[in-house]
Amino acid sequence: MDRPYGTIFKGFRGRLLEDEPLAGHTALKVGGKADVMAFPEDLDELRQLYAGCCEQSVKCLVIGGGYNLLVRDNGLRGVVISLKKLKAVERLPGNRVKVQAGVSNQRLVKCLELEGLSGLEFLSGIPGSIGGALAMNAGCHGHEIMAALESLTTLGAGGLQETAGRDLEYGYRFLNLAEGAVIVEALFQLTADDPTAISVRVAEFIEKRRVSQQVGYPNAGSFFKNPPNASAWRLIDAAGLRGTTVGGAQVSEQHANFLVNRGGATAHDFLELAALVKERVRAQSGVVLEEEVRIVGEE
């Protein structure tokens with residue numbers, strides 16, 4: 001590797017991709033190239049790579065499933081680190097389970113269903129990985145992931161740090177972590193229950209999502225946060241924006257808080273469409289919407 005920061009990959013065992021288009025690694029299917037994309041084989045290799053980036057002042061971005069992410073068309077300089085290989089799930093005594101950040105929400109729900117552990121069934125209706133779900137305190141239908149969290153392990157410039165869930169600051173679609181901190185592992189306290197009863201609840205959550213959010217095109221889930229005492233989709237709908245398009249990006253005709261890629265969309269299309277939605281909603285209702293999707297990359 002002839003990049004000036006190639007020495008940080010000395011002894012690296014995982015896969016490395018240079019000039020990698022990030023459109024293939026995000027749910028919206030847009031985004032420019034990363035200088036280098038790395039896939040650490042395990043937590044120790046992730047720790048070493050992250051430490052090397054910090055020591056040599058190399059920009060890095062850590063991503064999970066790419067479901068709550070919009071990468072600008074000019075891409076990202078530096079290193080993008082994928083957590084996809086961090087996929088261990090371990091049951092511990094006392095109805096607890098330790099989960100690495102790269103585990104998909106659906107896989108975890110299935111594991112817990114088989115183990116007869118209840119408390120995270122609602123994740124079956126939310127795409128993405130556990131790391132991403134924790135980073136935004138994901139939830140639906142009155143449930144939030146942080147409610148079941150016993151402790152969280154993060155990676156920062158100083159290495160790994162474990163923090164009790166009760167000591168974390170969080171709220172609606174919000175978790176306050178130190179700048180640069182990366183979620184790598186979580187310990188959940190759950191409740192023993194009959195696997196059949198858990199399966200019924202999982203099926204109910206999946207059906208609710210199918211009915212209300214089956215939009216049929218690449219999307220990042222809810223694009224905007226719900227304002228206090230209001231629903232973003234209702235405000236967008238009331239502003240007459242359902243079905244509005246900019247380039248290949250569209251306000252979904254099925255769910256107005258989903259911006260979808262109808263084909264050939266660019267990140268610029270999504271940014272322009274999001275700006276239009278915010279402007280029209282503010283003019284119609286006086287409410288300023290805030291993006292739930294994380295926007296990264298070069299301007």
# chains A, B, ... in the order shown; residues from 1 in each chain; ligands from 1
$ residues_around --residues "A:Gly116" --least-positions-apart "3" --cutoff "12 Å" --atoms "only C-alpha atoms" --output "VMD selection string"
chain A and resid 91 95 to 97 109 to 113 119 to 121 190 to 199
$ residues_around --residues "A:Glu150" --least-positions-apart "4" --cutoff "6 Å" --atoms "only C-alpha atoms" --output "list in words"
Ala164, Gly165, Leu187, Phe188 and Gln189 of chain A
$ closest_atom_pairs --of "stretch 136-191 of chain A" --to "stretch 65-75 of chain A" --cutoff "12 Å" --atoms "only C-alpha atoms" --output "JSON lines"
{"residue": "A:Met136", "atom": "CA", "partner": "A:Asn68", "partner_atom": "CA", "distance": 8.9}
{"residue": "A:Asn137", "atom": "CA", "partner": "A:Asn68", "partner_atom": "CA", "distance": 12.0}
{"residue": "A:Ala138", "atom": "CA", "partner": "A:Asn68", "partner_atom": "CA", "distance": 10.5}
{"residue": "A:Arg173", "atom": "CA", "partner": "A:Asn68", "partner_atom": "CA", "distance": 11.5}
$ closest_residue --among "A:Phe258, A:Pro227, A:Arg234, A:Leu241" --to "A:Glu279" --atoms "only C-alpha atoms"
A:Leu241
$ closest_residue --among "A:Val202, A:Ala238, A:Ile63, A:Ile8" --to "A:Phe39" --atoms "only C-alpha atoms"
A:Ile63
$ closest_residue --among "A:Glu169, A:Asp35, A:Glu298, A:Asp42" --to "A:Lys84" --atoms "only C-alpha atoms"
A:Asp42
$ select_by_dssp --residues "stretch 22-125 of chain A" --states "helix (DSSP H, G or I)" --output "PyMOL selection string"
chain A and resi 22-25+43-55+105-115+121-125
$ write_last_selection --atoms "N, CA and C atoms" --output "compact mmCIF listing (two decimals), in the first residue's frame"
# COMPACT_ATOMS: atom_id res chain seq x y z
N LEU A 22 -18.23 3.89 -1.25
CA LEU A 22 -19.00 3.58 -0.05
C LEU A 22 -20.48 3.37 -0.33
N ALA A 23 -20.90 3.61 -1.57
CA ALA A 23 -22.29 3.35 -1.94
C ALA A 23 -22.65 1.89 -1.71
N GLY A 24 -21.67 1.00 -1.85
CA GLY A 24 -21.92 -0.42 -1.64
C GLY A 24 -21.94 -0.83 -0.19
N HIS A 25 -21.69 0.11 0.71
CA HIS A 25 -21.64 -0.21 2.14
C HIS A 25 -22.64 0.59 2.96
N LEU A 43 -11.79 -7.88 17.76
CA LEU A 43 -11.73 -6.67 18.59
C LEU A 43 -10.29 -6.22 18.82
N ASP A 44 -9.38 -7.17 18.99
CA ASP A 44 -7.98 -6.80 19.23
C ASP A 44 -7.38 -6.11 18.02
N GLU A 45 -7.69 -6.61 16.83
CA GLU A 45 -7.17 -5.99 15.62
C GLU A 45 -7.79 -4.61 15.41
N LEU A 46 -9.06 -4.46 15.74
CA LEU A 46 -9.71 -3.15 15.68
C LEU A 46 -9.01 -2.18 16.63
N ARG A 47 -8.73 -2.64 17.84
CA ARG A 47 -8.07 -1.77 18.83
C ARG A 47 -6.71 -1.31 18.33
N GLN A 48 -5.93 -2.21 17.75
CA GLN A 48 -4.61 -1.86 17.25
C GLN A 48 -4.68 -0.87 16.09
N LEU A 49 -5.61 -1.10 15.16
CA LEU A 49 -5.74 -0.21 14.01
C LEU A 49 -6.20 1.17 14.45
N TYR A 50 -7.16 1.22 15.35
CA TYR A 50 -7.67 2.51 15.82
C TYR A 50 -6.57 3.28 16.55
N ALA A 51 -5.79 2.56 17.36
CA ALA A 51 -4.68 3.20 18.07
C ALA A 51 -3.65 3.75 17.09
N GLY A 52 -3.38 2.99 16.02
CA GLY A 52 -2.43 3.46 15.01
C GLY A 52 -2.92 4.72 14.31
N CYS A 53 -4.20 4.77 14.01
CA CYS A 53 -4.76 5.97 13.38
C CYS A 53 -4.63 7.18 14.31
N CYS A 54 -4.91 6.97 15.58
CA CYS A 54 -4.82 8.07 16.55
C CYS A 54 -3.38 8.55 16.70
N GLU A 55 -2.45 7.59 16.81
CA GLU A 55 -1.04 7.94 17.02
C GLU A 55 -0.46 8.69 15.83
N ASN A 105 -29.18 -6.56 14.15
CA ASN A 105 -30.33 -6.59 15.05
C ASN A 105 -31.14 -7.86 14.88
N GLN A 106 -31.35 -8.26 13.62
CA GLN A 106 -32.16 -9.44 13.35
C GLN A 106 -31.50 -10.71 13.88
N ARG A 107 -30.17 -10.81 13.74
CA ARG A 107 -29.49 -12.02 14.24
C ARG A 107 -29.57 -12.09 15.76
N LEU A 108 -29.41 -10.94 16.42
CA LEU A 108 -29.49 -10.95 17.87
C LEU A 108 -30.89 -11.36 18.34
N VAL A 109 -31.91 -10.81 17.71
CA VAL A 109 -33.28 -11.16 18.08
C VAL A 109 -33.50 -12.67 17.94
N LYS A 110 -33.00 -13.25 16.88
CA LYS A 110 -33.17 -14.69 16.67
C LYS A 110 -32.43 -15.49 17.73
N CYS A 111 -31.22 -15.07 18.06
CA CYS A 111 -30.45 -15.76 19.12
C CYS A 111 -31.19 -15.71 20.44
N LEU A 112 -31.71 -14.54 20.79
CA LEU A 112 -32.41 -14.38 22.06
C LEU A 112 -33.71 -15.18 22.07
N GLU A 113 -34.36 -15.25 20.93
CA GLU A 113 -35.58 -16.05 20.82
C GLU A 113 -35.29 -17.51 21.14
N LEU A 114 -34.20 -18.03 20.56
CA LEU A 114 -33.82 -19.43 20.80
C LEU A 114 -33.40 -19.67 22.24
N GLU A 115 -32.80 -18.64 22.87
CA GLU A 115 -32.34 -18.76 24.25
C GLU A 115 -33.44 -18.49 25.27
N GLU A 121 -37.15 -7.70 21.65
CA GLU A 121 -37.91 -8.16 20.50
C GLU A 121 -38.17 -7.05 19.49
N PHE A 122 -38.35 -5.83 19.96
CA PHE A 122 -38.67 -4.71 19.07
C PHE A 122 -37.58 -4.46 18.03
N LEU A 123 -36.35 -4.92 18.28
CA LEU A 123 -35.27 -4.72 17.31
C LEU A 123 -35.51 -5.48 16.02
N SER A 124 -36.42 -6.46 16.04
CA SER A 124 -36.71 -7.21 14.82
C SER A 124 -37.29 -6.32 13.74
N GLY A 125 -37.84 -5.17 14.13
CA GLY A 125 -38.39 -4.25 13.16
C GLY A 125 -37.44 -3.14 12.75
$ select_by_dssp --residues "stretch 16-197 of chain A" --states "strand (DSSP E)" --output "VMD selection string"
chain A and resid 16 to 21 33 to 39 60 to 63 69 to 71 76 to 82 89 to 92 96 to 100 117 to 118 139 to 140 143 to 144 149 to 156 159 to 164 169 to 171 174 to 176 182 to 189 191 to 192
$ closest_atom_pairs --of "stretch 128-235 of chain A" --to "stretch 265-276 of chain A" --cutoff "12 Å" --atoms "only C-alpha atoms" --output "Markdown table"
| residue | atom | partner | partner_atom | distance |
| --- | --- | --- | --- | --- |
| A:Tyr217 | CA | A:Ala265 | CA | 11.3 |
| A:Pro218 | CA | A:Ala265 | CA | 10.2 |
| A:Asn219 | CA | A:Phe270 | CA | 10.5 |
| A:Ala220 | CA | A:Phe270 | CA | 11.0 |
| A:Ser222 | CA | A:Ala274 | CA | 11.9 |
| A:Phe223 | CA | A:Ala274 | CA | 8.4 |
| A:Phe224 | CA | A:Ala274 | CA | 8.9 |
$ closest_residue --among "A:Asn229, A:Leu235, A:Val296, A:Leu149" --to "A:Lys98" --atoms "only C-alpha atoms"
A:Leu149
$ closest_residue --among "A:Asp19, A:Glu41, A:Glu185, A:Glu90" --to "A:Gly78" --atoms "only C-alpha atoms"
A:Asp19
$ closest_residue --among "A:Tyr170, A:Gly14, A:Val36, A:Leu83" --to "A:Lys59" --atoms "only C-alpha atoms"
A:Val36
$ atom_distance --atom1 "atom CA of A:Thr7" --atom2 "atom CA of A:Ile295"
28.9 Å
$ atom_distance --atom1 "atom CA of A:Ser104" --atom2 "atom CA of A:Val58"
28.2 Å
